[in-house]
Structure formats: C-alpha cells, structure tokens
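Undergrad: Next comes the structure file query_9.cif, holding mmCIF, C-alpha atoms.
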data_start
#
loop_
_atom_site.label_atom_id
_atom_site.label_comp_id
_atom_site.auth_asym_id
_atom_site.auth_seq_id
_atom_site.Cartn_x
_atom_site.Cartn_y
_atom_site.Cartn_z
CA GLN O 1 8.41 -166.56 151.82
CA VAL O 2 10.13 -167.57 155.05
CA GLN O 3 11.14 -164.66 157.24
CA LEU O 4 13.05 -164.92 160.50
CA VAL O 5 13.75 -161.74 162.43
CA GLU O 6 15.93 -161.81 165.53
CA SER O 7 15.93 -159.20 168.26
CA GLY O 8 17.08 -158.75 171.83
CA GLY O 9 20.84 -158.64 171.42
CA GLY O 10 22.98 -156.08 173.16
CA SER O 11 26.01 -155.42 175.33
CA VAL O 12 26.26 -156.75 178.87
CA HIS O 13 28.94 -157.44 181.46
CA THR O 14 30.05 -160.88 182.56
CA GLY O 15 27.28 -162.56 184.52
CA GLY O 16 24.54 -160.57 182.83
CA SER O 17 21.47 -161.87 181.03
CA LEU O 18 19.78 -161.34 177.70
CA ARG O 19 16.70 -162.79 176.07
CA LEU O 20 16.75 -163.21 172.32
CA SER O 21 13.59 -163.49 170.25
CA CYS O 22 13.02 -164.69 166.71
CA ALA O 23 9.76 -163.78 164.98
CA ALA O 24 8.90 -166.24 162.23
CA SER O 25 6.52 -165.79 159.30
CA GLY O 26 5.78 -167.22 155.87
CA TYR O 27 5.41 -170.85 156.93
CA THR O 28 3.71 -173.08 159.49
CA PHE O 29 5.98 -172.40 162.46
CA SER O 30 4.61 -175.23 164.60
CA ARG O 31 5.62 -177.89 162.03
CA TYR O 32 9.39 -177.19 162.07
CA SER O 33 12.16 -177.62 164.58
CA MET O 34 14.15 -174.46 165.21
CA GLY O 35 17.61 -173.60 166.37
CA TRP O 36 19.89 -170.86 167.64
CA PHE O 37 23.38 -170.60 166.22
CA ARG O 38 26.22 -168.14 166.71
CA GLN O 39 29.27 -166.96 164.89
CA ALA O 40 32.17 -165.06 166.38
CA PRO O 41 34.63 -163.11 164.19
CA GLY O 42 37.07 -165.46 162.50
CA LYS O 43 35.21 -168.57 163.64
CA GLU O 44 32.75 -170.95 162.03
CA ARG O 45 29.06 -170.78 162.80
CA GLU O 46 28.20 -173.15 165.64
CA GLY O 47 25.02 -174.58 167.05
CA VAL O 48 23.93 -173.27 170.45
CA ALA O 49 20.55 -174.90 171.05
CA VAL O 50 17.78 -176.57 169.09
CA ILE O 51 14.15 -177.31 169.90
CA SER O 52 11.64 -179.71 168.40
CA PHE O 53 8.62 -178.47 166.50
CA ARG O 54 6.27 -179.14 169.46
CA GLY O 55 8.77 -177.72 171.92
CA THR O 56 8.96 -180.95 173.90
CA SER O 57 12.61 -181.76 173.14
CA THR O 58 15.70 -179.58 173.34
CA PHE O 59 19.43 -180.04 172.86
CA TYR O 60 22.28 -177.75 173.89
CA ALA O 61 25.92 -177.24 173.20
CA ASN O 62 28.01 -178.22 176.21
CA SER O 63 29.37 -174.68 176.42
CA VAL O 64 25.94 -173.22 177.19
CA LYS O 65 24.23 -176.07 179.04
CA GLY O 66 22.80 -174.88 182.35
CA ARG O 67 23.08 -171.20 181.35
CA PHE O 68 20.93 -170.90 178.21
CA THR O 69 17.32 -172.00 177.70
CA ILE O 70 15.65 -172.36 174.33
CA SER O 71 11.87 -172.18 174.12
CA ARG O 72 9.13 -171.45 171.63
CA ASP O 73 5.60 -170.12 171.55
CA ASN O 74 3.83 -171.74 168.62
CA ALA O 75 0.76 -169.56 169.10
CA ARG O 76 2.93 -166.46 168.61
CA ASN O 77 5.27 -167.95 165.98
CA THR O 78 8.22 -166.93 168.12
CA LEU O 79 11.43 -168.62 169.22
CA TYR O 80 13.35 -167.54 172.32
CA LEU O 81 16.78 -167.94 173.84
CA GLN O 82 17.19 -166.97 177.48
CA MET O 83 20.85 -166.43 178.19
CA ASN O 84 22.02 -166.18 181.81
CA ASN O 85 25.45 -165.91 183.40
CA LEU O 86 26.90 -164.65 180.14
CA LYS O 87 30.64 -164.91 179.57
CA PRO O 88 32.96 -163.01 177.20
CA GLU O 89 33.28 -166.17 175.10
CA ASP O 90 29.54 -165.93 174.35
CA THR O 91 30.23 -162.79 172.30
CA ALA O 92 29.00 -163.44 168.76
CA MET O 93 26.33 -162.76 166.19
CA TYR O 94 23.35 -164.96 167.07
CA TYR O 95 21.10 -166.39 164.38
CA CYS O 96 17.85 -168.29 164.49
CA ALA O 97 17.20 -170.92 161.87
CA LYS O 98 14.40 -173.14 160.60
CA ALA O 99 14.92 -176.85 160.02
CA SER O 100 14.70 -178.14 156.50
CA LEU O 101 12.28 -181.00 157.16
CA ARG O 102 8.72 -180.66 158.41
CA ASP O 103 7.59 -182.64 161.47
CA SER O 104 11.08 -183.92 162.21
CA TRP O 105 13.48 -183.67 165.13
CA ALA O 106 17.10 -184.49 165.69
CA SER O 107 19.38 -183.84 168.67
CA TYR O 108 21.91 -182.31 166.35
CA LEU O 109 23.54 -178.88 166.29
CA GLY O 110 24.98 -178.97 162.81
CA THR O 111 24.01 -176.22 160.38
CA SER O 112 23.31 -178.67 157.56
CA ASN O 113 19.83 -179.47 158.98
CA TYR O 114 18.78 -175.83 158.71
CA VAL O 115 17.97 -174.00 155.50
CA ASP O 116 16.43 -170.67 156.43
CA TRP O 117 18.27 -168.09 158.53
CA GLY O 118 17.60 -164.73 160.08
CA GLN O 119 19.88 -161.72 159.73
CA GLY O 120 21.31 -162.11 163.21
CA THR O 121 21.49 -160.07 166.40
CA GLN O 122 24.78 -159.11 168.05
CA VAL O 123 25.58 -160.17 171.61
CA THR O 124 28.64 -158.63 173.26
CA VAL O 125 29.81 -159.63 176.73
CA SER O 126 32.56 -157.64 178.36
CA SER O 127 34.56 -158.59 181.43
#
Render the structure in this file as structure tokens.

TA:
Amino acid sequence: QVQLVESGGGSVHTGGSLRLSCAASGYTFSRYSMGWFRQAPGKEREGVAVISFRGTSTFYANSVKGRFTISRDNARNTLYLQMNNLKPEDTAMYYCAKASLRDSWASYLGTSNYVDWGQGTQVTVSS
C-alpha cells in the first residue's frame, strides 16, 4: 500500500533553514504529482507547495514564495522541501501528500486533490 514518510523537521531560529524529505513507496512515484501541506494548532491544513509528476511544474503559496523550494527525485522516490529564511509563522506540522489522479497536474493547493498522506514532521521556528 501507499506509504509516505516525512523527515527533516526540527527547531530553528528565525532566518534558519530546514530541508524536509518524504520517502514514498507502494506505488509508481513518478506518475503522481505531490505536495507539501502544513497545519498549525487550531488552524486548517493548508497547501504550501505542489510539484508535477515529472517535476517540471511547481506552484507555491504566496506566504512561502521565494523562501521555499519543492523538488523531487523520481529515481529515489523522494520528495523534498527546502525551507530558507524561516519565520515563526511557518511553525506547523508538515505533511507530504500524493495526488489522487495519475499523470495529472494542477496548479492548485487544495487538499481535495490529494488522497494519501504521511504522518507529518514538526517544524518549529522561534524568534
């Protein structure tokens, strides 16, 4: 079955960097778009960045544009999120997710396009 395992979270100060990874298994990774989402306490889960199945197209939330970079290595079945210049408002549980449709892409950060989720990795940014 589909397994998504995030890693790389941690605690940093404002301006710091982290690189999240998501190891995927149980399906053909290269055929599905992927996304990073986050959820802070008391808030709804929100889309951070998504990437097409070939890795040629990306889309970001305005709040992270220019600071975060999503990428993927289809040979290693791994999704990444490089996060630079972190701010306290980036504090959240970060989840990777697999799109529901094979060989499809949409510049859309809504959770409804994604059906399989990892367990999350915590990112905490202190001022």

Undergrad: Which region 30-81 of chain O residues have any atom within 9 Å of an atom of region 113-127 of chain O, and for each, what is the nearest pair of atoms with distance in Å to one decimal, counting all atoms listed in the file, rows sorted by chain and number, as a tab-separated table?

TA:
residue	atom	partner	partner_atom	distance
O:Met34	CA	O:Tyr114	CA	8.1
O:Gly35	CA	O:Tyr114	CA	8.1
O:Arg38	CA	O:Gly120	CA	8.5

Undergrad: Could you name the residues that touch Arg54 (chain O) at 8 Å or less, counting all atoms listed in the file, but leaving out those on the same chain fewer than 5 positions away, as a ChimeraX atom specification?

TA: /O:30-31,33,74

Undergrad: Kindly resolve the PyMOL selection byres ((chain O and resi 15-27) around 9) on the present coordinates and return the residues as a CSV table (one decimal) with C-alpha atoms, in the coordinates of the input.

TA:
chain,number,residue,atom,x,y,z
O,1,GLN,CA,8.4,-166.6,151.8
O,2,VAL,CA,10.1,-167.6,155.0
O,3,GLN,CA,11.1,-164.7,157.2
O,4,LEU,CA,13.0,-164.9,160.5
O,5,VAL,CA,13.8,-161.7,162.4
O,6,GLU,CA,15.9,-161.8,165.5
O,7,SER,CA,15.9,-159.2,168.3
O,8,GLY,CA,17.1,-158.8,171.8
O,9,GLY,CA,20.8,-158.6,171.4
O,10,GLY,CA,23.0,-156.1,173.2
O,11,SER,CA,26.0,-155.4,175.3
O,12,VAL,CA,26.3,-156.8,178.9
O,13,HIS,CA,28.9,-157.4,181.5
O,14,THR,CA,30.0,-160.9,182.6
O,28,THR,CA,3.7,-173.1,159.5
O,29,PHE,CA,6.0,-172.4,162.5
O,30,SER,CA,4.6,-175.2,164.6
O,31,ARG,CA,5.6,-177.9,162.0
O,76,ARG,CA,2.9,-166.5,168.6
O,77,ASN,CA,5.3,-168.0,166.0
O,78,THR,CA,8.2,-166.9,168.1
O,79,LEU,CA,11.4,-168.6,169.2
O,80,TYR,CA,13.4,-167.5,172.3
O,81,LEU,CA,16.8,-167.9,173.8
O,82,GLN,CA,17.2,-167.0,177.5
O,83,MET,CA,20.8,-166.4,178.2
O,84,ASN,CA,22.0,-166.2,181.8
O,85,ASN,CA,25.4,-165.9,183.4
O,86,LEU,CA,26.9,-164.6,180.1
O,87,LYS,CA,30.6,-164.9,179.6
O,94,TYR,CA,23.4,-165.0,167.1
O,95,TYR,CA,21.1,-166.4,164.4
O,96,CYS,CA,17.8,-168.3,164.5
O,97,ALA,CA,17.2,-170.9,161.9
O,98,LYS,CA,14.4,-173.1,160.6
O,118,GLY,CA,17.6,-164.7,160.1
O,121,THR,CA,21.5,-160.1,166.4
O,123,VAL,CA,25.6,-160.2,171.6
O,125,VAL,CA,29.8,-159.6,176.7
O,127,SER,CA,34.6,-158.6,181.4

Undergrad: As a PDB file with C-alpha atoms, in the frame of the given file, please: the residues near region 40-46 of chain O (cut-off 8 Å, all atoms listed in the file, same-chain neighbours under 3 positions excluded).

TA:
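Listing of result_28.pdb after writing:
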ATOM      1  CA  PHE O  37      23.380-170.600 166.220  1.00  0.00           C
ATOM      2  CA  THR O  91      30.230-162.790 172.300  1.00  0.00           C
ATOM      3  CA  ALA O  92      29.000-163.440 168.760  1.00  0.00           C
ATOM      4  CA  MET O  93      26.330-162.760 166.190  1.00  0.00           C
ATOM      5  CA  LEU O 109      23.540-178.880 166.290  1.00  0.00           C
ATOM      6  CA  GLY O 110      24.980-178.970 162.810  1.00  0.00           C
ATOM      7  CA  THR O 111      24.010-176.220 160.380  1.00  0.00           C
TER       8      THR O 111
END

Undergrad: Nearest to Ala75 (chain O) among O:Gly55, O:Val48, O:Ser112, O:Trp36, with distances taken over all atoms listed in the file: which residue is it?

TA: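 Closest to Ala75 (chain O), using all atoms listed in the file: O:Gly55.
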
Undergrad: Expand the PyMOL selection byres ((chain O and resi 61-64) around 9) into the explicit residue set it covers here, and present it as a PyMOL selection string.

TA: chain O and resi 46-49+59-60+65-69+83+90+109

Undergrad: Please tell me which residues are no farther than 10 Å from (14.8, -184.4, 163.2) in the file, counting all atoms listed in the file, and write them as a PyMOL selection string.

TA: chain O and resi 32-33+51-53+99-108+113

Undergrad: Centre and edge lengths, as JSON, for the axis-aligned box enclosing every listed atom of region 87-97 of chain O with 4 Å of padding on each of the six sides, in Å to one decimal?

TA:
{"center_x": 25.2, "center_y": -166.8, "center_z": 170.7, "size_x": 24.1, "size_y": 16.2, "size_z": 25.7}

Undergrad: Write a file for region 61-94 of chain O of the given structure; include N, CA and C atoms and format it as an mmCIF file, in the first residue's frame.

TA:
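Written file, part_12.cif:
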data_model
loop_
_atom_site.group_PDB
_atom_site.id
_atom_site.type_symbol
_atom_site.label_atom_id
_atom_site.label_comp_id
_atom_site.auth_asym_id
_atom_site.auth_seq_id
_atom_site.Cartn_x
_atom_site.Cartn_y
_atom_site.Cartn_z
ATOM 1 N N ALA O 61 2.355 28.574 -2.303
ATOM 2 C CA ALA O 61 1.543 29.540 -1.577
ATOM 3 C C ALA O 61 2.289 30.866 -1.548
ATOM 4 N N ASN O 62 1.555 31.961 -1.593
ATOM 5 C CA ASN O 62 2.194 33.280 -1.588
ATOM 6 C C ASN O 62 3.062 33.482 -0.344
ATOM 7 N N SER O 63 2.659 32.884 0.749
ATOM 8 C CA SER O 63 3.369 33.092 2.012
ATOM 9 C C SER O 63 4.766 32.476 2.024
ATOM 10 N N VAL O 64 5.031 31.545 1.117
ATOM 11 C CA VAL O 64 6.341 30.886 1.113
ATOM 12 C C VAL O 64 7.126 31.128 -0.169
ATOM 13 N N LYS O 65 6.513 31.787 -1.130
ATOM 14 C CA LYS O 65 7.158 32.008 -2.424
ATOM 15 C C LYS O 65 8.463 32.764 -2.237
ATOM 16 N N GLY O 66 9.526 32.281 -2.861
ATOM 17 C CA GLY O 66 10.830 32.913 -2.746
ATOM 18 C C GLY O 66 11.645 32.417 -1.566
ATOM 19 N N ARG O 67 11.015 31.683 -0.652
ATOM 20 C CA ARG O 67 11.740 31.155 0.518
ATOM 21 C C ARG O 67 11.803 29.621 0.502
ATOM 22 N N PHE O 68 10.764 28.991 -0.002
ATOM 23 C CA PHE O 68 10.695 27.527 -0.032
ATOM 24 C C PHE O 68 10.860 27.031 -1.469
ATOM 25 N N THR O 69 11.460 25.852 -1.607
ATOM 26 C CA THR O 69 11.597 25.216 -2.915
ATOM 27 C C THR O 69 11.199 23.751 -2.816
ATOM 28 N N ILE O 70 10.233 23.363 -3.628
ATOM 29 C CA ILE O 70 9.827 21.963 -3.687
ATOM 30 C C ILE O 70 10.556 21.291 -4.843
ATOM 31 N N SER O 71 10.982 20.061 -4.633
ATOM 32 C CA SER O 71 11.647 19.306 -5.683
ATOM 33 C C SER O 71 11.391 17.821 -5.453
ATOM 34 N N ARG O 72 11.755 17.031 -6.439
ATOM 35 C CA ARG O 72 11.572 15.586 -6.317
ATOM 36 C C ARG O 72 12.672 14.866 -7.065
ATOM 37 N N ASP O 73 12.967 13.660 -6.586
ATOM 38 C CA ASP O 73 13.921 12.785 -7.256
ATOM 39 C C ASP O 73 13.163 11.503 -7.580
ATOM 40 N N ASN O 74 12.725 11.366 -8.814
ATOM 41 C CA ASN O 74 11.907 10.208 -9.173
ATOM 42 C C ASN O 74 12.704 8.907 -9.158
ATOM 43 N N ALA O 75 14.005 9.002 -9.303
ATOM 44 C CA ALA O 75 14.831 7.791 -9.240
ATOM 45 C C ALA O 75 14.925 7.270 -7.806
ATOM 46 N N ARG O 76 14.805 8.178 -6.846
ATOM 47 C CA ARG O 76 14.889 7.801 -5.430
ATOM 48 C C ARG O 76 13.527 7.772 -4.738
ATOM 49 N N ASN O 77 12.467 8.032 -5.496
ATOM 50 C CA ASN O 77 11.104 8.044 -4.914
ATOM 51 C C ASN O 77 11.026 8.968 -3.700
ATOM 52 N N THR O 78 11.600 10.146 -3.834
ATOM 53 C CA THR O 78 11.671 11.065 -2.700
ATOM 54 C C THR O 78 11.261 12.468 -3.113
ATOM 55 N N LEU O 79 10.495 13.089 -2.241
ATOM 56 C CA LEU O 79 10.045 14.475 -2.380
ATOM 57 C C LEU O 79 10.781 15.317 -1.363
ATOM 58 N N TYR O 80 11.101 16.558 -1.736
ATOM 59 C CA TYR O 80 11.843 17.453 -0.843
ATOM 60 C C TYR O 80 11.133 18.797 -0.704
ATOM 61 N N LEU O 81 11.439 19.457 0.412
ATOM 62 C CA LEU O 81 11.033 20.845 0.593
ATOM 63 C C LEU O 81 12.189 21.567 1.285
ATOM 64 N N GLN O 82 12.867 22.405 0.531
ATOM 65 C CA GLN O 82 13.923 23.245 1.100
ATOM 66 C C GLN O 82 13.285 24.513 1.621
ATOM 67 N N MET O 83 13.477 24.775 2.897
ATOM 68 C CA MET O 83 12.863 25.928 3.533
ATOM 69 C C MET O 83 13.958 26.859 4.050
ATOM 70 N N ASN O 84 14.021 28.055 3.491
ATOM 71 C CA ASN O 84 15.008 29.053 3.895
ATOM 72 C C ASN O 84 14.318 30.262 4.508
ATOM 73 N N ASN O 85 15.102 31.043 5.232
ATOM 74 C CA ASN O 85 14.574 32.261 5.860
ATOM 75 C C ASN O 85 13.265 31.971 6.604
ATOM 76 N N LEU O 86 13.305 30.980 7.449
ATOM 77 C CA LEU O 86 12.102 30.565 8.172
ATOM 78 C C LEU O 86 11.647 31.639 9.147
ATOM 79 N N LYS O 87 10.323 31.708 9.309
ATOM 80 C CA LYS O 87 9.703 32.691 10.185
ATOM 81 C C LYS O 87 8.858 31.961 11.232
ATOM 82 N N PRO O 88 8.583 32.597 12.356
ATOM 83 C CA PRO O 88 7.747 31.943 13.382
ATOM 84 C C PRO O 88 6.402 31.474 12.833
ATOM 85 N N GLU O 89 5.850 32.201 11.880
ATOM 86 C CA GLU O 89 4.555 31.810 11.313
ATOM 87 C C GLU O 89 4.641 30.560 10.440
ATOM 88 N N ASP O 90 5.839 30.058 10.186
ATOM 89 C CA ASP O 90 5.998 28.791 9.467
ATOM 90 C C ASP O 90 5.885 27.589 10.410
ATOM 91 N N THR O 91 5.803 27.845 11.703
ATOM 92 C CA THR O 91 5.687 26.769 12.684
ATOM 93 C C THR O 91 4.415 25.961 12.441
ATOM 94 N N ALA O 92 4.571 24.647 12.250
ATOM 95 C CA ALA O 92 3.433 23.790 11.945
ATOM 96 C C ALA O 92 3.909 22.352 11.817
ATOM 97 N N MET O 93 2.952 21.437 11.729
ATOM 98 C CA MET O 93 3.240 20.075 11.324
ATOM 99 C C MET O 93 3.189 20.069 9.798
ATOM 100 N N TYR O 94 4.223 19.532 9.178
ATOM 101 C CA TYR O 94 4.304 19.493 7.720
ATOM 102 C C TYR O 94 4.049 18.075 7.222
#
